[in-house]
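Q: One structure follows; several queries about it will come next.
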Amino acid sequence: MKVYLIKTPEYQTENLIEVCDFLNSFDGTLEFIPSTYEFSEGEFNFLGNTYLKNFEGVKKVLYDNTMETPLSWEQQLSWEQLFSLCNHYRNLFKVEKNDFIVLLTLRNNVTNWFSHNDSTRNVFIQTANWENYIQVHHKYPVAYEVLENIMQSLMHVTSEVFPSQYIHQKPRGCMNDFCEDKEQIILKLQTANICVVCAEKIQEENIDQKIVNQTLEIFEGIRKELLFKQKFRKQVEPVSITINESRQIILPQLDNLEIRLNPLFKTLYIFYLKHTGGVKLNELNDFREELLALYKKLSGADNNNTIEVRIADLVNPIGGSFSQKKSKLNKIITDLLGEPLAKFYRIEGEPGEPFKINIPNNLIDIRY
Ligand SMILES: [Zn+2]
């Protein structure tokens with residue numbers, strides 16, 4: 001089943017890709033596809049001039065009683081408007097009706113909900129202001145909301161109907177907690193749980209077990225990364241890094257925290273873990289066969305043209321592919337580990353000099 005991630009103009013493509021990469025770092029049958037499609041403000045004029053980029057400004061206006069009409073009403077979008085964008089995309093690209101379309105937006109919605117889905121597998125998710133509730137990269141709660149809405153849709157549960165035994169107004173640490181008080185969202189992110197009542201409903205609806213497992217694994221992945229942020233905030237010394245038999249990159253001493261990378265980034269990362277002396281960009285081509293073999297293993301594909309092209313692109317010193325991938329990879333590591341720990345795990349170096357990962361050799365354990 002495919003899940004298309006689309007966006008309103010003010011939400012950056014880069015952020016959308018980060019959310020998508022995170023979701024795709026878990027195995028399963030749901031395939032997340034990032035779209036760079038830009039909606040035209042001419043065609044959808046509600047996307048245009050009423051959007052205020054400065055949220056602090058909006059808040060002040062909201063609480064300023066001297067204003068007769070709060071400006072905020074103008075920049076909120078209705079459900080119809082948000083879902084109309086999903087439908088437009090669905091029609092334009094002939095997306096199958098079983099596939100999901102998830103709209104990511106910084107725009108407020110009239111109900112001030114984190115997210116919502118309609119009966120035709122369209123979803124919108126608010127990507128702004130998460131820092132008011134939780135001090136982590138917004139990709140974690142947003143990724144959670146993606147799965148929550150897919151599951152609710154497959155369960156035929158809607159938060160519009162009250163009371164419902166499947167939408168919990170009193171939080172119990174389940175995916176279907178309503179979170180009327182928005183801070184309650186932290187509880188379900190931290191429990192990564194689906195309660196017994198909802199689990200029974202999932203069985204009743206005969207939802208593909210692979211999708212349920214994938215959802216639970218993503219919830220668990222989010223939980224672990226949030227926990228790491230709380231528990232190991234003061235970690236300043238590097239710890240050992242293991243590539244296990246399943247080719248996961250794990251930090252065993254930090255509760256087995258996983259560095260989740262897509263196959264190409266993982267290829268580059270493991271390559272540098274194996275070459276601790278460092279490799280210059282213009283020397284990478286000499287290691288082409290090694291990189292190819294590694295990428296084939298990690299991507300699970302055989303003799304595939306795309307694989308050859310991607311590696312050729314990566315080792316080409318001209319064109320910036322390497323430095324672009326290196327900086328994205330480094331950003332994932334920095335977002336995950338934070339400073340000062342991240343500096344030991346990034347691939348670093350000056351142009352023209354060898355690039356390397358600065359972890360002592362005795363802390364590297366490659367087991368496959
Ligand atoms: Zn529940």
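Letters for chains follow the order of the structure tokens (A, B, ...), residue numbers begin at 1 for each chain, and ligand numbers begin at 1 in the order shown.
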Kindly provide, as a PyMOL selection string, all nucleotide and amino acid residues lying within 6 Å of ligand 1, counting only C-alpha atoms and all ligand atoms.
A: chain A and resi 166+174+176+194-195+197-198
Q: Tell me, as a PyMOL selection string, which residues lie within 9 Å of Ile17 in chain A, counting only C-alpha atoms; anything in the same chain fewer than 5 positions away does not count.
A: chain A and resi 5+12+22+33-35
Q: Write the selection just made, keeping all heavy atoms, as a PDB file, in the first residue's frame?
A:
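This is the output file part-v3.pdb:
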ATOM      1  N   LEU A   5       3.143  11.477   0.626  1.00  0.00           N
ATOM      2  CA  LEU A   5       3.258  12.636   1.517  1.00  0.00           C
ATOM      3  C   LEU A   5       3.333  13.890   0.647  1.00  0.00           C
ATOM      4  O   LEU A   5       4.234  14.024  -0.187  1.00  0.00           O
ATOM      5  CB  LEU A   5       4.510  12.547   2.390  1.00  0.00           C
ATOM      6  CG  LEU A   5       4.613  11.362   3.352  1.00  0.00           C
ATOM      7  CD1 LEU A   5       5.789  11.554   4.300  1.00  0.00           C
ATOM      8  CD2 LEU A   5       3.347  11.176   4.176  1.00  0.00           C
ATOM      9  N   GLN A  12       8.524  23.129   4.155  1.00  0.00           N
ATOM     10  CA  GLN A  12       9.671  22.886   3.277  1.00  0.00           C
ATOM     11  C   GLN A  12       9.801  21.433   2.833  1.00  0.00           C
ATOM     12  O   GLN A  12       9.642  20.519   3.644  1.00  0.00           O
ATOM     13  CB  GLN A  12      10.947  23.286   3.998  1.00  0.00           C
ATOM     14  CG  GLN A  12      11.082  24.784   4.141  1.00  0.00           C
ATOM     15  CD  GLN A  12      12.417  25.149   4.742  1.00  0.00           C
ATOM     16  OE1 GLN A  12      13.164  24.290   5.224  1.00  0.00           O
ATOM     17  NE2 GLN A  12      12.727  26.425   4.727  1.00  0.00           N
ATOM     18  N   PHE A  22      12.491   8.913   7.570  1.00  0.00           N
ATOM     19  CA  PHE A  22      12.352   8.264   8.874  1.00  0.00           C
ATOM     20  C   PHE A  22      11.343   7.119   8.775  1.00  0.00           C
ATOM     21  O   PHE A  22      11.617   5.995   9.205  1.00  0.00           O
ATOM     22  CB  PHE A  22      11.921   9.273   9.942  1.00  0.00           C
ATOM     23  CG  PHE A  22      11.721   8.647  11.297  1.00  0.00           C
ATOM     24  CD1 PHE A  22      12.802   8.228  12.056  1.00  0.00           C
ATOM     25  CD2 PHE A  22      10.437   8.459  11.810  1.00  0.00           C
ATOM     26  CE1 PHE A  22      12.616   7.622  13.296  1.00  0.00           C
ATOM     27  CE2 PHE A  22      10.246   7.864  13.057  1.00  0.00           C
ATOM     28  CZ  PHE A  22      11.348   7.447  13.797  1.00  0.00           C
ATOM     29  N   ILE A  33       5.913   7.714   0.038  1.00  0.00           N
ATOM     30  CA  ILE A  33       6.447   8.367  -1.159  1.00  0.00           C
ATOM     31  C   ILE A  33       6.395   9.891  -0.996  1.00  0.00           C
ATOM     32  O   ILE A  33       5.319  10.467  -0.844  1.00  0.00           O
ATOM     33  CB  ILE A  33       5.628   7.949  -2.395  1.00  0.00           C
ATOM     34  CG1 ILE A  33       5.703   6.421  -2.540  1.00  0.00           C
ATOM     35  CG2 ILE A  33       6.137   8.641  -3.658  1.00  0.00           C
ATOM     36  CD1 ILE A  33       4.673   5.842  -3.453  1.00  0.00           C
ATOM     37  N   PRO A  34       7.573  10.539  -1.006  1.00  0.00           N
ATOM     38  CA  PRO A  34       7.577  11.992  -0.849  1.00  0.00           C
ATOM     39  C   PRO A  34       7.208  12.668  -2.168  1.00  0.00           C
ATOM     40  O   PRO A  34       7.665  12.240  -3.221  1.00  0.00           O
ATOM     41  CB  PRO A  34       9.024  12.306  -0.480  1.00  0.00           C
ATOM     42  CG  PRO A  34       9.825  11.200  -1.096  1.00  0.00           C
ATOM     43  CD  PRO A  34       8.930   9.980  -1.177  1.00  0.00           C
ATOM     44  N   SER A  35       6.399  13.705  -2.101  1.00  0.00           N
ATOM     45  CA  SER A  35       6.053  14.428  -3.318  1.00  0.00           C
ATOM     46  C   SER A  35       6.529  15.867  -3.200  1.00  0.00           C
ATOM     47  O   SER A  35       6.375  16.504  -2.161  1.00  0.00           O
ATOM     48  CB  SER A  35       4.540  14.419  -3.516  1.00  0.00           C
ATOM     49  OG  SER A  35       4.202  15.414  -4.452  1.00  0.00           O
TER      50      SER A  35
END
Q: I'd like the neighbourhood of range 92-103 of chain A as number ranges by chain, where a residue qualifies if any of its atoms comes within 8 Å (using only C-alpha atoms), though same-chain residues fewer than 2 positions away should be ignored.
A: A: 1-8, 82, 85-86, 88-90, 105, 120-125, 146, 150
Q: Find the residues near Leu226 in chain A: any atom within 10 Å, counting only C-alpha atoms, skip ones fewer than 6 places away on the same chain, and give them as a list in words.
A: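 Contacts, with the query itself left out: Ile134, Gln135, Val136, His137, Tyr140, Ile186, Leu189, Gln190, Glu220 and Leu336 of chain A.
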Q: Please dump the current selection as a PDB file, in the first residue's frame; keep C-alpha atoms.
A:
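Result file out.pdb:
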ATOM      1  CA  ILE A 134       7.710  18.171  23.180  1.00  0.00           C
ATOM      2  CA  GLN A 135      11.383  19.087  22.783  1.00  0.00           C
ATOM      3  CA  VAL A 136      12.283  16.860  19.868  1.00  0.00           C
ATOM      4  CA  HIS A 137      12.506  17.156  16.095  1.00  0.00           C
ATOM      5  CA  TYR A 140       8.783  12.142  15.417  1.00  0.00           C
ATOM      6  CA  ILE A 186       3.376  13.028  25.135  1.00  0.00           C
ATOM      7  CA  LEU A 189       4.314   8.911  22.157  1.00  0.00           C
ATOM      8  CA  GLN A 190       6.026   7.531  25.243  1.00  0.00           C
ATOM      9  CA  GLU A 220       8.536   1.760  19.208  1.00  0.00           C
ATOM     10  CA  LEU A 336      19.309  11.949  16.825  1.00  0.00           C
TER      11      LEU A 336
END
Q: For the alpha helix (DSSP H) assignment from backbone DSSP, which residues of range 318-355 of chain A qualify? Please present them as a ChimeraX atom specification.
A: /A:321-337,342-345
Q: Taking 6 positions as the minimum chain separation for residues in the same chain, which residues sit within 9 Å of Ile364 in chain A when counting only C-alpha atoms? Answer as an MDAnalysis selection string.
A: chainID A and resid 240:243 273:274
Q: Produce a file of the selected residues containing all heavy atoms, as an mmCIF file, in the first residue's frame.
A:
data_model
loop_
_atom_site.group_PDB
_atom_site.id
_atom_site.type_symbol
_atom_site.label_atom_id
_atom_site.label_comp_id
_atom_site.auth_asym_id
_atom_site.auth_seq_id
_atom_site.Cartn_x
_atom_site.Cartn_y
_atom_site.Cartn_z
ATOM 1 N N SER A 240 30.401 2.464 22.192
ATOM 2 C CA SER A 240 30.670 1.585 21.056
ATOM 3 C C SER A 240 29.515 1.568 20.068
ATOM 4 O O SER A 240 28.358 1.797 20.422
ATOM 5 C CB SER A 240 30.992 0.177 21.533
ATOM 6 O OG SER A 240 29.882 -0.349 22.186
ATOM 7 N N ILE A 241 29.863 1.300 18.823
ATOM 8 C CA ILE A 241 28.881 1.262 17.750
ATOM 9 C C ILE A 241 28.990 -0.106 17.076
ATOM 10 O O ILE A 241 30.086 -0.575 16.790
ATOM 11 C CB ILE A 241 29.102 2.444 16.769
ATOM 12 C CG1 ILE A 241 28.032 2.476 15.686
ATOM 13 C CG2 ILE A 241 30.484 2.417 16.124
ATOM 14 C CD1 ILE A 241 27.969 3.813 14.931
ATOM 15 N N THR A 242 27.837 -0.739 16.896
ATOM 16 C CA THR A 242 27.818 -2.102 16.367
ATOM 17 C C THR A 242 26.994 -2.165 15.089
ATOM 18 O O THR A 242 25.919 -1.583 15.028
ATOM 19 C CB THR A 242 27.165 -3.051 17.418
ATOM 20 O OG1 THR A 242 27.930 -2.993 18.610
ATOM 21 C CG2 THR A 242 27.116 -4.488 16.916
ATOM 22 N N ILE A 243 27.521 -2.872 14.090
ATOM 23 C CA ILE A 243 26.673 -3.236 12.958
ATOM 24 C C ILE A 243 26.312 -4.693 13.221
ATOM 25 O O ILE A 243 27.177 -5.564 13.186
ATOM 26 C CB ILE A 243 27.413 -3.141 11.600
ATOM 27 C CG1 ILE A 243 28.200 -1.833 11.472
ATOM 28 C CG2 ILE A 243 26.438 -3.322 10.440
ATOM 29 C CD1 ILE A 243 27.381 -0.589 11.448
ATOM 30 N N LEU A 273 32.923 3.532 8.478
ATOM 31 C CA LEU A 273 33.234 2.834 9.733
ATOM 32 C C LEU A 273 34.327 1.789 9.497
ATOM 33 O O LEU A 273 35.106 1.465 10.393
ATOM 34 C CB LEU A 273 31.990 2.135 10.289
ATOM 35 C CG LEU A 273 30.985 2.981 11.075
ATOM 36 C CD1 LEU A 273 29.807 2.111 11.499
ATOM 37 C CD2 LEU A 273 31.615 3.644 12.290
ATOM 38 N N LYS A 274 34.363 1.264 8.282
ATOM 39 C CA LYS A 274 35.378 0.250 7.956
ATOM 40 C C LYS A 274 36.717 0.880 7.584
ATOM 41 O O LYS A 274 37.734 0.212 7.576
ATOM 42 C CB LYS A 274 34.884 -0.594 6.779
ATOM 43 C CG LYS A 274 33.816 -1.588 7.172
ATOM 44 C CD LYS A 274 33.411 -2.385 5.954
ATOM 45 C CE LYS A 274 32.745 -3.685 6.367
ATOM 46 N NZ LYS A 274 32.375 -4.479 5.193
#
Q: Name all residues at most 10 Å from Ile359 in chain A (count only C-alpha atoms; drop same-chain ones fewer than 2 positions away) and give them as a PDB file with N, CA, C and O atoms, in the first residue's frame.
A:
ATOM      1  N   PRO A 238      32.115   9.109  23.704  1.00  0.00           N
ATOM      2  CA  PRO A 238      31.598   8.169  22.699  1.00  0.00           C
ATOM      3  C   PRO A 238      31.439   6.765  23.272  1.00  0.00           C
ATOM      4  O   PRO A 238      32.187   6.379  24.164  1.00  0.00           O
ATOM      5  N   VAL A 239      30.434   6.060  22.791  1.00  0.00           N
ATOM      6  CA  VAL A 239      30.223   4.665  23.200  1.00  0.00           C
ATOM      7  C   VAL A 239      30.373   3.791  21.965  1.00  0.00           C
ATOM      8  O   VAL A 239      30.430   4.294  20.841  1.00  0.00           O
ATOM      9  N   SER A 240      30.401   2.464  22.192  1.00  0.00           N
ATOM     10  CA  SER A 240      30.670   1.585  21.056  1.00  0.00           C
ATOM     11  C   SER A 240      29.515   1.568  20.068  1.00  0.00           C
ATOM     12  O   SER A 240      28.358   1.797  20.422  1.00  0.00           O
ATOM     13  N   ILE A 241      29.863   1.300  18.823  1.00  0.00           N
ATOM     14  CA  ILE A 241      28.881   1.262  17.750  1.00  0.00           C
ATOM     15  C   ILE A 241      28.990  -0.106  17.076  1.00  0.00           C
ATOM     16  O   ILE A 241      30.086  -0.575  16.790  1.00  0.00           O
ATOM     17  N   LEU A 273      32.923   3.532   8.478  1.00  0.00           N
ATOM     18  CA  LEU A 273      33.234   2.834   9.733  1.00  0.00           C
ATOM     19  C   LEU A 273      34.327   1.789   9.497  1.00  0.00           C
ATOM     20  O   LEU A 273      35.106   1.465  10.393  1.00  0.00           O
ATOM     21  N   THR A 276      38.610   3.594   8.972  1.00  0.00           N
ATOM     22  CA  THR A 276      38.731   4.619  10.009  1.00  0.00           C
ATOM     23  C   THR A 276      39.894   5.578   9.768  1.00  0.00           C
ATOM     24  O   THR A 276      39.970   6.626  10.392  1.00  0.00           O
ATOM     25  N   LYS A 343      29.241  14.641  17.421  1.00  0.00           N
ATOM     26  CA  LYS A 343      30.484  14.956  16.695  1.00  0.00           C
ATOM     27  C   LYS A 343      31.380  13.724  16.496  1.00  0.00           C
ATOM     28  O   LYS A 343      32.142  13.665  15.553  1.00  0.00           O
ATOM     29  N   PHE A 344      31.265  12.738  17.384  1.00  0.00           N
ATOM     30  CA  PHE A 344      32.078  11.527  17.226  1.00  0.00           C
ATOM     31  C   PHE A 344      31.543  10.629  16.106  1.00  0.00           C
ATOM     32  O   PHE A 344      32.250   9.780  15.601  1.00  0.00           O
ATOM     33  N   TYR A 345      30.297  10.792  15.764  1.00  0.00           N
ATOM     34  CA  TYR A 345      29.640   9.840  14.866  1.00  0.00           C
ATOM     35  C   TYR A 345      29.424  10.383  13.459  1.00  0.00           C
ATOM     36  O   TYR A 345      29.032   9.650  12.575  1.00  0.00           O
ATOM     37  N   ARG A 346      29.631  11.689  13.286  1.00  0.00           N
ATOM     38  CA  ARG A 346      29.455  12.251  11.944  1.00  0.00           C
ATOM     39  C   ARG A 346      30.638  11.892  11.048  1.00  0.00           C
ATOM     40  O   ARG A 346      31.733  11.624  11.537  1.00  0.00           O
ATOM     41  N   LYS A 356      36.420  11.253   7.557  1.00  0.00           N
ATOM     42  CA  LYS A 356      36.444  10.108   8.478  1.00  0.00           C
ATOM     43  C   LYS A 356      35.426  10.270   9.602  1.00  0.00           C
ATOM     44  O   LYS A 356      34.927  11.370   9.868  1.00  0.00           O
ATOM     45  N   ILE A 357      35.152   9.142  10.250  1.00  0.00           N
ATOM     46  CA  ILE A 357      34.307   9.163  11.454  1.00  0.00           C
ATOM     47  C   ILE A 357      35.254   9.094  12.649  1.00  0.00           C
ATOM     48  O   ILE A 357      36.128   8.224  12.687  1.00  0.00           O
ATOM     49  N   ASN A 361      38.889   3.223  17.102  1.00  0.00           N
ATOM     50  CA  ASN A 361      38.753   1.892  16.482  1.00  0.00           C
ATOM     51  C   ASN A 361      38.177   0.824  17.397  1.00  0.00           C
ATOM     52  O   ASN A 361      37.392  -0.019  16.955  1.00  0.00           O
ATOM     53  N   ASN A 362      38.612   0.854  18.666  1.00  0.00           N
ATOM     54  CA  ASN A 362      38.174  -0.217  19.570  1.00  0.00           C
ATOM     55  C   ASN A 362      36.690  -0.124  19.941  1.00  0.00           C
ATOM     56  O   ASN A 362      36.142  -0.994  20.581  1.00  0.00           O
ATOM     57  N   LEU A 363      36.040   0.946  19.519  1.00  0.00           N
ATOM     58  CA  LEU A 363      34.610   1.059  19.804  1.00  0.00           C
ATOM     59  C   LEU A 363      33.748   0.646  18.597  1.00  0.00           C
ATOM     60  O   LEU A 363      32.533   0.734  18.636  1.00  0.00           O
ATOM     61  N   ILE A 364      34.420   0.195  17.536  1.00  0.00           N
ATOM     62  CA  ILE A 364      33.666  -0.194  16.334  1.00  0.00           C
ATOM     63  C   ILE A 364      33.600  -1.712  16.236  1.00  0.00           C
ATOM     64  O   ILE A 364      34.612  -2.397  16.289  1.00  0.00           O
TER      65      ILE A 364
END
Q: A:Glu18, A:Asp365, A:Asp27, A:Glu237: which is nearest Asn213 in chain A, counting only C-alpha atoms?
A: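 Selected residue with least distance to Asn213 in chain A: A:Asp27.
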Q: How many Å lie between CA of Gln248 in chain A and CA of Asp208 in chain A, rounded to one decimal?
A: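 Between CA of Gln248 in chain A and CA of Asp208 in chain A the gap is 25.4 Å.
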Q: How many Å lie between CA of Thr267 in chain A and CA of Arg223 in chain A, rounded to one decimal?
A: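 About the pair CA of Thr267 in chain A and CA of Arg223 in chain A: they are 25.7 Å apart.
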